[in-house]
>>> print(open('model11.txt').read())   # compact mmCIF, C-alpha atoms and all ligand atoms
# COMPACT_ATOMS: atom_id res chain seq x y z
CA MET A 1 -3.29 6.13 2.54
CA LYS A 2 -1.30 2.95 3.08
CA ILE A 3 -1.04 1.04 6.34
CA ALA A 4 1.60 -1.66 6.66
CA ILE A 5 0.54 -4.68 8.67
CA MET A 6 3.36 -6.58 10.38
CA ALA A 7 1.73 -9.17 12.59
CA GLY A 8 4.90 -11.08 13.51
CA ASP A 9 4.90 -14.15 15.73
CA GLY A 10 3.01 -15.96 18.49
CA ILE A 11 -0.06 -14.00 19.54
CA GLY A 12 1.00 -11.14 17.20
CA PRO A 13 -1.17 -12.35 14.27
CA GLU A 14 -4.08 -13.16 16.65
CA VAL A 15 -4.28 -9.70 18.18
CA VAL A 16 -3.42 -7.81 14.99
CA ALA A 17 -6.26 -9.62 13.19
CA GLN A 18 -8.67 -8.01 15.70
CA ALA A 19 -7.13 -4.56 15.18
CA VAL A 20 -7.47 -5.07 11.41
CA LYS A 21 -11.19 -5.87 11.87
CA VAL A 22 -11.53 -2.52 13.59
CA LEU A 23 -9.47 -0.83 10.86
CA ARG A 24 -11.73 -2.25 8.13
CA HIS A 25 -14.72 -0.87 9.98
CA VAL A 26 -13.31 2.57 10.77
CA LEU A 27 -11.29 3.15 7.60
CA PRO A 28 -12.87 1.01 4.87
CA GLN A 29 -11.01 3.00 2.20
CA ALA A 30 -7.53 2.40 3.66
CA GLU A 31 -5.08 0.34 1.64
CA THR A 32 -3.28 -2.29 3.71
CA GLU A 33 -0.27 -4.43 2.87
CA GLU A 34 1.21 -7.23 4.95
CA ALA A 35 4.87 -8.17 5.35
CA PRO A 36 6.75 -10.75 7.43
CA VAL A 37 8.94 -9.72 10.37
CA GLY A 38 10.64 -11.52 13.26
CA LEU A 39 10.54 -15.29 13.20
CA ALA A 40 8.07 -15.00 10.31
CA GLY A 41 10.80 -13.10 8.38
CA ILE A 42 13.47 -15.64 9.26
CA GLU A 43 11.27 -18.55 8.20
CA THR A 44 10.23 -17.01 4.87
CA ARG A 45 13.28 -14.88 3.89
CA GLY A 46 16.09 -15.96 6.24
CA VAL A 47 16.30 -12.64 8.12
CA PRO A 48 14.18 -10.99 10.85
CA LEU A 49 13.70 -7.81 8.80
CA PRO A 50 13.53 -8.73 5.08
CA ASP A 51 14.38 -5.95 2.60
CA GLU A 52 10.82 -5.84 1.23
CA THR A 53 9.44 -5.46 4.76
CA LEU A 54 11.70 -2.46 5.38
CA ALA A 55 10.78 -1.04 1.96
CA LEU A 56 7.08 -1.36 2.80
CA ALA A 57 7.66 0.34 6.16
CA LYS A 58 9.31 3.25 4.34
CA ARG A 59 6.47 3.51 1.80
CA ALA A 60 3.61 3.26 4.27
CA ASP A 61 1.97 6.12 6.17
CA ALA A 62 1.92 4.02 9.33
CA ILE A 63 2.75 0.53 10.57
CA LEU A 64 0.53 -1.67 12.67
CA PHE A 65 2.81 -4.15 14.39
CA GLY A 66 2.04 -7.26 16.47
CA ALA A 67 4.97 -8.83 18.31
CA VAL A 68 8.05 -10.84 17.47
CA GLY A 69 9.86 -13.61 19.28
CA GLY A 70 10.49 -17.29 19.08
CA PRO A 71 12.10 -20.21 20.85
CA ASP A 72 15.83 -20.36 21.68
CA GLU A 73 16.34 -16.68 20.83
CA ALA A 74 18.29 -16.08 24.03
CA SER A 75 21.17 -18.18 22.69
CA LEU A 76 21.10 -17.15 19.01
CA PRO A 77 23.48 -14.69 17.29
CA ARG A 78 22.05 -11.20 16.84
CA GLU A 79 21.21 -11.52 13.12
CA GLN A 80 19.08 -14.57 13.83
CA ARG A 81 17.09 -13.18 16.74
CA PRO A 82 13.49 -12.19 15.86
CA GLY A 83 13.69 -9.09 18.09
CA THR A 84 16.58 -7.76 15.98
CA GLY A 85 14.04 -7.19 13.18
CA LEU A 86 12.00 -4.86 15.38
CA LEU A 87 15.04 -3.04 16.75
CA LYS A 88 16.32 -2.49 13.21
CA LEU A 89 12.94 -1.26 12.00
CA ARG A 90 12.76 1.29 14.83
CA LYS A 91 16.30 2.45 14.07
CA GLU A 92 16.01 2.54 10.26
CA LEU A 93 12.88 4.70 10.48
CA THR A 94 14.38 6.88 13.25
CA LEU A 95 11.41 6.12 15.49
CA PHE A 96 13.08 7.44 18.63
CA ALA A 97 10.08 8.38 20.78
CA ASN A 98 8.07 5.47 22.14
CA PHE A 99 4.92 6.65 23.93
CA ARG A 100 3.54 4.01 26.29
CA PRO A 101 0.44 5.31 28.05
CA ALA A 102 -0.81 3.53 31.14
CA PHE A 103 -4.46 4.42 31.64
CA MET A 104 -6.80 2.95 34.23
CA PHE A 105 -10.16 2.01 32.74
CA PRO A 106 -12.57 2.36 35.72
CA GLU A 107 -14.11 -1.04 34.91
CA LEU A 108 -10.75 -2.74 35.47
CA ILE A 109 -9.85 -1.25 38.84
CA GLY A 110 -10.50 -4.60 40.48
CA ALA A 111 -8.16 -6.33 38.01
CA SER A 112 -5.17 -4.23 39.08
CA THR A 113 -2.57 -5.74 41.37
CA LEU A 114 -2.71 -2.55 43.45
CA LYS A 115 -5.32 -1.19 45.84
CA PRO A 116 -8.18 0.68 44.12
CA GLU A 117 -7.30 4.04 45.73
CA ILE A 118 -3.76 3.83 44.33
CA VAL A 119 -4.84 3.27 40.70
CA ASP A 120 -8.26 4.90 40.43
CA GLY A 121 -7.88 7.72 37.88
CA LEU A 122 -4.36 6.69 36.86
CA ASP A 123 -3.29 8.33 33.59
CA LEU A 124 0.43 8.50 32.87
CA VAL A 125 2.67 8.04 29.89
CA ILE A 126 6.09 6.46 29.80
CA LEU A 127 8.17 8.03 27.04
CA ARG A 128 10.90 5.54 26.23
CA GLU A 129 13.84 6.59 24.05
CA LEU A 130 14.00 3.96 21.34
CA ASN A 131 17.07 4.44 19.14
CA GLY A 132 19.98 4.45 21.58
CA ASP A 133 21.19 3.04 24.91
CA ILE A 134 22.60 -0.37 25.68
CA TYR A 135 20.39 -2.04 23.03
CA PHE A 136 22.43 -0.34 20.28
CA GLY A 137 25.76 0.85 21.75
CA GLU A 138 29.10 -0.48 20.52
CA PRO A 139 31.22 -2.36 21.42
CA ARG A 140 29.00 -5.35 22.02
CA GLY A 141 29.37 -9.08 21.80
CA ILE A 142 30.80 -12.12 23.54
CA GLU A 143 34.61 -12.02 23.39
CA THR A 144 37.51 -14.03 24.75
CA GLY A 145 39.98 -12.17 26.98
CA PRO A 146 43.77 -12.63 27.19
CA SER A 147 43.37 -15.27 29.93
CA GLY A 148 41.11 -17.34 27.68
CA GLU A 149 38.03 -16.50 29.74
CA ARG A 150 35.02 -15.26 27.77
CA TYR A 151 33.24 -12.06 28.66
CA GLY A 152 30.05 -10.42 27.44
CA ILE A 153 29.98 -6.72 26.68
CA ASN A 154 27.26 -4.18 25.87
CA THR A 155 27.64 -0.43 25.92
CA MET A 156 25.22 2.12 27.32
CA ARG A 157 25.67 5.08 24.99
CA TYR A 158 23.73 8.28 24.37
CA THR A 159 24.81 11.34 22.39
CA GLU A 160 23.72 14.78 23.58
CA SER A 161 21.53 15.27 20.51
CA GLU A 162 19.73 11.96 21.12
CA VAL A 163 18.91 13.06 24.66
CA GLU A 164 17.92 16.53 23.47
CA ARG A 165 15.34 15.29 20.98
CA ILE A 166 13.67 12.90 23.43
CA ALA A 167 13.72 15.68 26.05
CA HIS A 168 11.87 18.03 23.69
CA ALA A 169 9.36 15.26 22.93
CA ALA A 170 8.78 14.80 26.68
CA PHE A 171 8.30 18.48 27.48
CA GLN A 172 6.00 18.98 24.50
CA ALA A 173 3.93 15.94 25.54
CA ALA A 174 3.70 17.33 29.08
CA ARG A 175 2.40 20.65 27.70
CA ARG A 176 -0.48 18.74 26.09
CA ARG A 177 -1.14 16.90 29.38
CA ARG A 178 -0.72 17.98 33.01
CA GLY A 179 2.59 19.83 32.65
CA LYS A 180 4.90 17.46 34.56
CA VAL A 181 7.97 15.54 33.41
CA CYS A 182 9.85 13.07 35.57
CA SER A 183 13.17 12.04 34.04
CA VAL A 184 14.34 8.61 35.18
CA ASP A 185 18.04 7.73 35.07
CA LYS A 186 20.88 6.17 37.04
CA ALA A 187 23.08 9.27 37.17
CA ASN A 188 24.46 8.25 40.57
CA VAL A 189 26.36 5.37 38.92
CA LEU A 190 26.51 5.78 35.12
CA GLU A 191 28.24 8.58 33.20
CA THR A 192 25.84 8.09 30.26
CA MET A 193 23.05 8.93 32.66
CA GLN A 194 24.92 11.93 34.12
CA LEU A 195 24.91 13.34 30.60
CA TRP A 196 21.22 12.38 30.28
CA ARG A 197 20.34 14.33 33.45
CA GLU A 198 22.44 17.33 32.46
CA VAL A 199 20.79 17.57 29.03
CA MET A 200 17.27 17.02 30.45
CA THR A 201 17.86 19.87 32.92
CA ARG A 202 19.21 22.16 30.19
CA VAL A 203 16.34 21.48 27.77
CA GLY A 204 13.91 21.83 30.68
CA ARG A 205 14.87 25.52 31.03
CA GLU A 206 13.27 26.10 27.62
CA TYR A 207 9.96 24.91 29.11
CA PRO A 208 9.52 26.99 32.29
CA ASP A 209 5.81 26.11 32.31
CA VAL A 210 6.64 22.40 32.71
CA GLU A 211 7.70 21.02 36.09
CA LEU A 212 10.78 18.79 35.82
CA SER A 213 11.82 16.26 38.44
CA HIS A 214 14.42 13.49 38.42
CA LEU A 215 14.37 10.01 39.93
CA PHE A 216 16.87 7.18 39.90
CA ILE A 217 15.47 4.10 38.17
CA ASP A 218 15.37 1.98 41.33
CA ALA A 219 13.38 4.57 43.27
CA ALA A 220 11.22 5.22 40.21
CA ALA A 221 10.25 1.54 40.07
CA MET A 222 9.21 1.68 43.70
CA THR A 223 7.35 4.98 43.35
CA LEU A 224 5.49 3.66 40.31
CA MET A 225 4.03 0.94 42.56
CA ARG A 226 3.57 3.10 45.68
CA ALA A 227 2.05 6.28 44.25
CA PRO A 228 1.75 6.11 40.45
CA LYS A 229 -0.80 8.92 40.17
CA GLN A 230 1.88 11.53 40.93
CA PHE A 231 3.36 10.89 37.46
CA ASP A 232 2.33 12.61 34.24
CA VAL A 233 5.13 12.04 31.67
CA ILE A 234 7.99 9.74 32.66
CA VAL A 235 10.89 10.08 30.22
CA THR A 236 13.65 7.52 30.29
CA GLY A 237 16.16 5.54 28.25
CA ASN A 238 15.55 2.53 26.08
CA MET A 239 16.23 -0.22 28.62
CA PHE A 240 14.74 1.44 31.71
CA GLY A 241 11.65 2.34 29.66
CA ASP A 242 11.30 -1.23 28.45
CA ILE A 243 11.28 -2.51 32.02
CA LEU A 244 9.23 0.26 33.66
CA SER A 245 6.46 0.00 31.08
CA ASP A 246 5.94 -3.73 31.68
CA ALA A 247 5.73 -2.93 35.41
CA ALA A 248 3.18 -0.19 34.65
CA ALA A 249 1.05 -2.82 32.93
CA MET A 250 0.23 -4.35 36.28
CA LEU A 251 -1.13 -1.04 37.53
CA THR A 252 -3.77 -1.14 34.80
CA GLY A 253 -4.65 -4.80 35.18
CA SER A 254 -2.79 -6.54 32.34
CA ILE A 255 -0.07 -6.09 29.77
CA GLY A 256 -2.81 -6.99 27.30
CA MET A 257 -4.24 -3.49 27.87
CA LEU A 258 -1.12 -1.41 27.07
CA PRO A 259 -0.75 0.18 23.61
CA SER A 260 2.21 2.11 22.26
CA ALA A 261 3.19 4.53 19.52
CA SER A 262 6.73 4.88 18.22
CA LEU A 263 7.23 8.24 16.53
CA GLY A 264 10.09 9.98 14.80
CA LEU A 265 10.86 12.93 12.62
CA ASP A 266 7.60 13.04 10.63
CA ARG A 267 4.07 11.70 11.09
CA LYS A 268 4.91 8.13 10.18
CA GLY A 269 4.73 5.90 13.21
CA LEU A 270 4.86 2.28 14.30
CA TYR A 271 2.03 1.15 16.56
CA GLU A 272 2.29 -1.96 18.66
CA PRO A 273 1.11 -3.42 21.93
CA VAL A 274 3.71 -3.25 24.71
CA HIS A 275 3.56 -7.03 25.16
CA GLY A 276 5.54 -9.68 23.30
CA SER A 277 4.61 -12.77 21.32
CA ALA A 278 3.47 -14.65 24.46
CA PRO A 279 4.26 -18.19 23.26
CA ASP A 280 2.69 -19.58 26.45
CA ILE A 281 -0.79 -18.57 25.27
CA ALA A 282 -0.35 -18.45 21.47
CA GLY A 283 -2.82 -20.35 19.29
CA GLN A 284 -5.44 -20.66 22.04
CA ASP A 285 -7.66 -17.68 21.24
CA ILE A 286 -7.19 -16.29 24.75
CA ALA A 287 -4.83 -13.34 24.21
CA ASN A 288 -6.23 -9.89 24.97
CA PRO A 289 -6.42 -7.91 21.70
CA LEU A 290 -7.28 -4.57 23.34
CA ALA A 291 -3.65 -3.37 23.48
CA ALA A 292 -3.41 -3.93 19.72
CA ILE A 293 -6.78 -2.24 19.12
CA LEU A 294 -5.81 0.73 21.32
CA SER A 295 -2.50 0.93 19.41
CA PHE A 296 -4.56 1.27 16.23
CA ALA A 297 -6.45 4.14 17.91
CA MET A 298 -3.07 5.81 18.50
CA LEU A 299 -2.27 5.29 14.80
CA LEU A 300 -5.48 7.08 13.82
CA ARG A 301 -4.61 9.99 16.10
CA GLU A 302 -0.87 10.41 15.58
CA SER A 303 -0.13 9.34 12.00
CA LEU A 304 -3.45 10.05 10.27
CA GLY A 305 -4.64 13.01 12.36
CA LEU A 306 -8.09 11.39 12.76
CA GLU A 307 -8.77 12.37 16.37
CA ASP A 308 -12.54 11.72 16.09
CA LYS A 309 -12.01 8.20 14.82
CA ALA A 310 -9.35 7.53 17.48
CA GLN A 311 -11.87 8.55 20.15
CA GLU A 312 -14.54 6.38 18.52
CA VAL A 313 -12.31 3.32 18.88
CA GLU A 314 -11.35 4.19 22.46
CA SER A 315 -15.03 4.71 23.36
CA ALA A 316 -15.90 1.37 21.79
CA VAL A 317 -13.26 -0.33 23.96
CA ARG A 318 -14.67 1.45 27.01
CA SER A 319 -18.22 0.34 26.24
CA VAL A 320 -17.13 -3.26 25.68
CA LEU A 321 -15.47 -3.24 29.11
CA ALA A 322 -18.56 -1.59 30.61
CA GLY A 323 -20.61 -4.36 28.98
CA GLY A 324 -18.63 -6.88 31.03
CA TYR A 325 -16.57 -8.50 28.26
CA ARG A 326 -13.23 -9.78 29.58
CA THR A 327 -10.43 -11.90 28.17
CA ALA A 328 -8.82 -14.31 30.64
CA ASP A 329 -6.08 -11.89 31.75
CA ILE A 330 -8.61 -9.31 33.02
CA TYR A 331 -11.39 -11.68 34.01
CA GLN A 332 -13.13 -11.19 37.34
CA PRO A 333 -16.08 -13.12 38.74
CA GLY A 334 -19.38 -11.67 37.53
CA THR A 335 -17.99 -10.63 34.16
CA HIS A 336 -18.38 -12.33 30.79
CA ARG A 337 -15.29 -14.25 29.70
CA VAL A 338 -14.54 -14.10 25.97
CA GLY A 339 -11.77 -15.17 23.61
CA THR A 340 -9.54 -13.03 21.39
CA GLU A 341 -11.87 -13.20 18.35
CA GLU A 342 -15.01 -12.50 20.39
CA MET A 343 -13.36 -9.48 21.99
CA GLY A 344 -12.46 -8.12 18.56
CA ASP A 345 -16.02 -8.73 17.36
CA ALA A 346 -17.44 -7.02 20.45
CA VAL A 347 -15.40 -3.88 19.73
CA VAL A 348 -16.63 -3.84 16.11
CA GLN A 349 -20.23 -4.31 17.32
CA ALA A 350 -19.80 -1.43 19.76
CA LEU A 351 -18.59 0.76 16.87
CA GLN A 352 -21.60 -0.31 14.77
CA ALA A 353 -23.96 0.44 17.66
CA ARG A 354 -22.49 3.95 18.04
CA ARG A 355 -22.90 4.61 14.32
CA ALA A 356 -26.51 3.40 14.40
CA ALA A 357 -27.35 5.56 17.44
N1 LIG B 401 7.63 -5.86 21.01
C1 LIG B 401 7.86 -7.14 20.88
O1 LIG B 401 7.73 -7.70 19.81
C2 LIG B 401 8.27 -7.91 22.09
C3 LIG B 401 8.67 -9.21 21.94
N2 LIG B 401 8.99 -9.96 23.03
C4 LIG B 401 9.27 -11.37 22.78
O2 LIG B 401 8.09 -12.12 23.10
C5 LIG B 401 8.43 -13.44 23.55
C6 LIG B 401 7.81 -13.72 24.91
O3 LIG B 401 8.39 -12.82 25.85
P1 LIG B 401 7.88 -12.67 27.34
O4 LIG B 401 9.01 -12.18 28.13
O5 LIG B 401 7.17 -13.89 27.77
O6 LIG B 401 6.85 -11.42 27.29
P2 LIG B 401 5.35 -11.36 26.78
O7 LIG B 401 4.93 -9.95 26.87
O8 LIG B 401 5.20 -12.01 25.46
O9 LIG B 401 4.52 -12.22 27.84
C7 LIG B 401 4.62 -11.97 29.25
C8 LIG B 401 3.39 -12.55 29.95
O10 LIG B 401 2.26 -11.74 29.63
C9 LIG B 401 1.24 -12.53 29.01
N3 LIG B 401 0.67 -11.74 27.92
C10 LIG B 401 1.36 -11.01 26.99
N4 LIG B 401 0.53 -10.45 26.12
C11 LIG B 401 -0.73 -10.80 26.49
C12 LIG B 401 -2.03 -10.52 25.98
N5 LIG B 401 -2.22 -9.75 24.90
N6 LIG B 401 -3.08 -11.08 26.61
C13 LIG B 401 -2.92 -11.83 27.70
N7 LIG B 401 -1.72 -12.12 28.24
C14 LIG B 401 -0.63 -11.62 27.65
C15 LIG B 401 1.94 -13.77 28.48
O11 LIG B 401 1.07 -14.85 28.38
C16 LIG B 401 3.05 -13.96 29.50
O12 LIG B 401 2.56 -14.67 30.61
C17 LIG B 401 9.95 -13.45 23.57
O13 LIG B 401 10.37 -14.06 22.39
C18 LIG B 401 10.35 -11.98 23.62
O14 LIG B 401 11.62 -11.72 23.05
C19 LIG B 401 8.87 -9.47 24.30
C20 LIG B 401 8.48 -8.18 24.49
C21 LIG B 401 8.17 -7.30 23.40
C1 LIG B 402 13.00 -6.42 21.11
C2 LIG B 402 12.65 -5.93 22.50
C3 LIG B 402 13.41 -4.72 22.88
C4 LIG B 402 11.20 -5.78 22.57
C5 LIG B 402 10.64 -5.26 23.85
O1 LIG B 402 10.71 -5.84 24.89
C6 LIG B 402 9.91 -4.03 23.79
O2 LIG B 402 10.01 -3.29 22.83
O3 LIG B 402 9.20 -3.74 24.75
MG MG B 403 9.47 -4.94 26.47
>>> encode(input="model11.txt", output="structure tokens")
Amino acid sequence: MKIAIMAGDGIGPEVVAQAVKVLRHVLPQAETEEAPVGLAGIETRGVPLPDETLALAKRADAILFGAVGGPDEASLPREQRPGTGLLKLRKELTLFANFRPAFMFPELIGASTLKPEIVDGLDLVILRELNGDIYFGEPRGIETGPSGERYGINTMRYTESEVERIAHAAFQAARRRRGKVCSVDKANVLETMQLWREVMTRVGREYPDVELSHLFIDAAAMTLMRAPKQFDVIVTGNMFGDILSDAAAMLTGSIGMLPSASLGLDRKGLYEPVHGSAPDIAGQDIANPLAAILSFAMLLRESLGLEDKAQEVESAVRSVLAGGYRTADIYQPGTHRVGTEEMGDAVVQALQARRAA
């Protein structure tokens, strides 16, 4: 078994190093291979997704990914933006289904922005379509019109088959959970989203045991803050899913707690925290590595089929939180503040303690 390690930029290498510690403990026999991506790819090979990085991704059984992003990216051409490497990787591997669970660890209820009764017991998953939408649609670019004035253009585009496959993924996920899908769109304004809603409704008829509802993205954002526990699976497009999942982070206390799995046509998947490269805290040993570690647990479950080991890692995270360990982002008075490395070590120690017991 081969696991590709793509740590990326900023806090990416810091948090991935902790997930790799856990990997070495849980899967000592696993072969790992590292490759540069994002700014690290640009600096070493001149492009955000070097050919050998893509080749490794294709060879590997699964990819453990950190985060990409660097300075000035908002004004750079597409080929030079670190994020382009990640978008291309997701597209090249046809990883179209991005599962972003938001789970409330009871120990962190006080760290949530919301009242305890609103988040206690929260357990939802945002299923973000990852290969289409305005992040990929053509035409795109900054052009000059006939009057000489420049304009920017991006295109929200979904084919029926792209919506169908993410719809099936949503309904099947709901069958394994609490049997509810909420499809989030903007069908009151956008034709792309009218098609999205039509296809979701049609595919939904094949799953009569799953309850399907629809919300517009603006109301969904509000409902996610007002009464998030009513959701089970939220399925939505690439951009709305990107935004909603960062918002969901604040329900659970911190974006440093949110893992994700990007899946496609076979068992190969890419596993990454929902957060970015966080340049504001990089290099200070304060980033929360639990999202990266929980992403590795998803890797064990989804790509390797090692449910027991996935649960072992998740239990170790739970016991570390119960033991009072907190990085700065989830710190509360009365708990024990630790750095990134110490948090990784604490998870490994919790795994060792379980084995010894
Ligand atoms: N999947 C990826 O690789 C992503 C990359 N990015 C890139 O990351 C860079 C920074 O983007 P931002 O918008 O600032 O988003 P971000 O997610 O990197 O950071 C947002 C805020 O959350 C905090 N934060 C993030 N991860 C944390 C962790 N593990 N522990 C504690 N605090 C954490 C940061 O300090 C910051 O205050 C940009 O270059 C952006 O393009 C952003 C999102 C996803
Ligand atoms: C390159 C971006 C789309 C990354 C991002 O914000 C995400 O995947 O959540
Ligand atoms: Mg994002």
>>> residues_near_ligand(input="model11.txt", ligand="ligand MG 403 (chain B)", cutoff="8 Å", atoms="only C-alpha atoms and all ligand atoms", output="list in words")
Asp242, Ile243, Ser245, Asp246, Val274, His275 and Gly276 of chain A
>>> closest_atom_pairs(input="model11.txt", of="region 117-168 of chain A", to="region 182-203 of chain A", cutoff="8 Å", atoms="all atoms listed in the file", output="tab-separated table")
residue	atom	partner	partner_atom	distance
A:Met156	CA	A:Thr192	CA	6.7
A:Arg157	CA	A:Thr192	CA	6.1
A:Tyr158	CA	A:Thr192	CA	6.3
A:Glu160	CA	A:Val199	CA	6.8
A:Val163	CA	A:Trp196	CA	6.1
A:Glu164	CA	A:Val199	CA	6.3
A:Ala167	CA	A:Met200	CA	5.8
A:His168	CA	A:Val203	CA	7.0
>>> residues_around(input="model11.txt", residues="region 121-125 of chain A", least_positions_apart="4", cutoff="6 Å", atoms="all atoms listed in the file", output="PyMOL selection string")
chain A and resi 100-104+229+231-233
>>> residues_around(input="model11.txt", residues="Leu251 (chain A)", least_positions_apart="5", cutoff="9 Å", atoms="all atoms listed in the file", output="list in words")
Ala102, Phe103, Met104, Ile109, Ala111, Ser112, Thr113, Leu114, Ile118, Val119, Leu122, Leu224, Met225 and Pro228 of chain A
>>> residues_around(input="model11.txt", residues="Pro259 (chain A)", least_positions_apart="2", cutoff="7 Å", atoms="only C-alpha atoms", output="ChimeraX atom specification")
/A:100-101,257,272-274,291-292,294-295
>>> closest_residue(input="model11.txt", among="A:Glu162, A:Glu206, A:Glu342, A:Asp285", to="ligand LIG 401 (chain B)", atoms="only C-alpha atoms and all ligand atoms")
A:Asp285
>>> axis_aligned_box(input="model11.txt", around="ligand LIG 402 (chain B)", padding_each_side="3 Å", output="AutoDock Vina command-line options")
--center_x 11.3 --center_y -4.9 --center_z 23.0 --size_x 10.2 --size_y 9.1 --size_z 9.8
>>> atom_distance(input="model11.txt", atom1="CA of Pro106 (chain A)", atom2="CA of Ile330 (chain A)")
12.6 Å
>>> atom_distance(input="model11.txt", atom1="CA of Glu33 (chain A)", atom2="CA of Gly339 (chain A)")
26.0 Å
>>> residues_around(input="model11.txt", residues="region 65-76 of chain A", least_positions_apart="6", cutoff="6 Å", atoms="all atoms listed in the file", output="VMD selection string")
chain A and resid 6 to 9 12 16 38 82 to 83 271 to 272 276 to 277
>>> write_last_selection(input="model11.txt", atoms="C-alpha atoms", output="PDB file, in the coordinates of the input")
ATOM      1  CA  MET A   6       3.360  -6.580  10.380  1.00  0.00           C
ATOM      2  CA  ALA A   7       1.730  -9.170  12.590  1.00  0.00           C
ATOM      3  CA  GLY A   8       4.900 -11.080  13.510  1.00  0.00           C
ATOM      4  CA  ASP A   9       4.900 -14.150  15.730  1.00  0.00           C
ATOM      5  CA  GLY A  12       1.000 -11.140  17.200  1.00  0.00           C
ATOM      6  CA  VAL A  16      -3.420  -7.810  14.990  1.00  0.00           C
ATOM      7  CA  GLY A  38      10.640 -11.520  13.260  1.00  0.00           C
ATOM      8  CA  PRO A  82      13.490 -12.190  15.860  1.00  0.00           C
ATOM      9  CA  GLY A  83      13.690  -9.090  18.090  1.00  0.00           C
ATOM     10  CA  TYR A 271       2.030   1.150  16.560  1.00  0.00           C
ATOM     11  CA  GLU A 272       2.290  -1.960  18.660  1.00  0.00           C
ATOM     12  CA  GLY A 276       5.540  -9.680  23.300  1.00  0.00           C
ATOM     13  CA  SER A 277       4.610 -12.770  21.320  1.00  0.00           C
TER      14      SER A 277
END
>>> atom_distance(input="model11.txt", atom1="CA of Glu14 (chain A)", atom2="atom C2 of ligand LIG 401 (chain B)")
14.5 Å
>>> closest_residue(input="model11.txt", among="A:Ala55, A:Leu265, A:Ile11, A:Leu108", to="Thr335 (chain A)", atoms="all atoms listed in the file")
A:Leu108
>>> closest_residue(input="model11.txt", among="A:Ser315, A:Thr53, A:Gln29, A:Ser254", to="ligand LIG 401 (chain B)", atoms="only C-alpha atoms and all ligand atoms")
A:Ser254
>>> closest_residue(input="model11.txt", among="A:Ala248, A:Ile166, A:Val15, A:Val235", to="ligand LIG 401 (chain B)", atoms="all atoms listed in the file")
A:Val15
>>> residues_around(input="model11.txt", residues="Tyr135 (chain A)", least_positions_apart="2", cutoff="8 Å", atoms="all atoms listed in the file", output="PyMOL selection string")
chain A and resi 132-133+137+154-156+238-239
>>> closest_residue(input="model11.txt", among="A:Pro28, A:Gly334, A:Gly241, A:Pro13", to="ligand LIG 402 (chain B)", atoms="only C-alpha atoms and all ligand atoms")
A:Gly241
>>> closest_residue(input="model11.txt", among="A:Gln332, A:Ser303, A:Asn131, A:Gln311", to="ligand LIG 402 (chain B)", atoms="all atoms listed in the file")
A:Asn131
>>> decode(input="model11.txt", residues="region 273-284 of chain A", atoms="N, CA and C atoms", output="PDB file, in the first residue's frame")
ATOM      1  N   PRO A 273      -7.424  18.604   5.491  1.00  0.00           N
ATOM      2  CA  PRO A 273      -8.240  19.449   6.356  1.00  0.00           C
ATOM      3  C   PRO A 273      -8.992  20.466   5.503  1.00  0.00           C
ATOM      4  N   VAL A 274     -10.115  20.962   6.008  1.00  0.00           N
ATOM      5  CA  VAL A 274     -10.892  21.957   5.260  1.00  0.00           C
ATOM      6  C   VAL A 274     -10.152  23.297   5.196  1.00  0.00           C
ATOM      7  N   HIS A 275      -9.304  23.545   6.186  1.00  0.00           N
ATOM      8  CA  HIS A 275      -8.641  24.861   6.253  1.00  0.00           C
ATOM      9  C   HIS A 275      -7.549  25.023   5.201  1.00  0.00           C
ATOM     10  N   GLY A 276      -7.044  26.250   5.099  1.00  0.00           N
ATOM     11  CA  GLY A 276      -5.983  26.570   4.152  1.00  0.00           C
ATOM     12  C   GLY A 276      -4.614  26.606   4.810  1.00  0.00           C
ATOM     13  N   SER A 277      -3.687  27.323   4.181  1.00  0.00           N
ATOM     14  CA  SER A 277      -2.296  27.309   4.632  1.00  0.00           C
ATOM     15  C   SER A 277      -2.028  28.278   5.789  1.00  0.00           C
ATOM     16  N   ALA A 278      -3.042  29.047   6.165  1.00  0.00           N
ATOM     17  CA  ALA A 278      -2.997  29.920   7.355  1.00  0.00           C
ATOM     18  C   ALA A 278      -1.652  30.624   7.548  1.00  0.00           C
ATOM     19  N   PRO A 279      -1.251  31.479   6.612  1.00  0.00           N
ATOM     20  CA  PRO A 279       0.061  32.130   6.745  1.00  0.00           C
ATOM     21  C   PRO A 279       0.188  32.963   8.021  1.00  0.00           C
ATOM     22  N   ASP A 280      -0.971  33.394   8.565  1.00  0.00           N
ATOM     23  CA  ASP A 280      -0.919  34.234   9.778  1.00  0.00           C
ATOM     24  C   ASP A 280      -0.396  33.479  10.992  1.00  0.00           C
ATOM     25  N   ILE A 281      -0.473  32.140  10.974  1.00  0.00           N
ATOM     26  CA  ILE A 281       0.011  31.388  12.142  1.00  0.00           C
ATOM     27  C   ILE A 281       1.110  30.379  11.769  1.00  0.00           C
ATOM     28  N   ALA A 282       1.528  30.389  10.496  1.00  0.00           N
ATOM     29  CA  ALA A 282       2.515  29.391  10.054  1.00  0.00           C
ATOM     30  C   ALA A 282       3.853  29.580  10.755  1.00  0.00           C
ATOM     31  N   GLY A 283       4.534  28.470  11.018  1.00  0.00           N
ATOM     32  CA  GLY A 283       5.882  28.512  11.597  1.00  0.00           C
ATOM     33  C   GLY A 283       5.911  28.805  13.079  1.00  0.00           C
ATOM     34  N   GLN A 284       4.751  28.804  13.737  1.00  0.00           N
ATOM     35  CA  GLN A 284       4.724  29.159  15.169  1.00  0.00           C
ATOM     36  C   GLN A 284       4.363  27.977  16.069  1.00  0.00           C
TER      37      GLN A 284
END
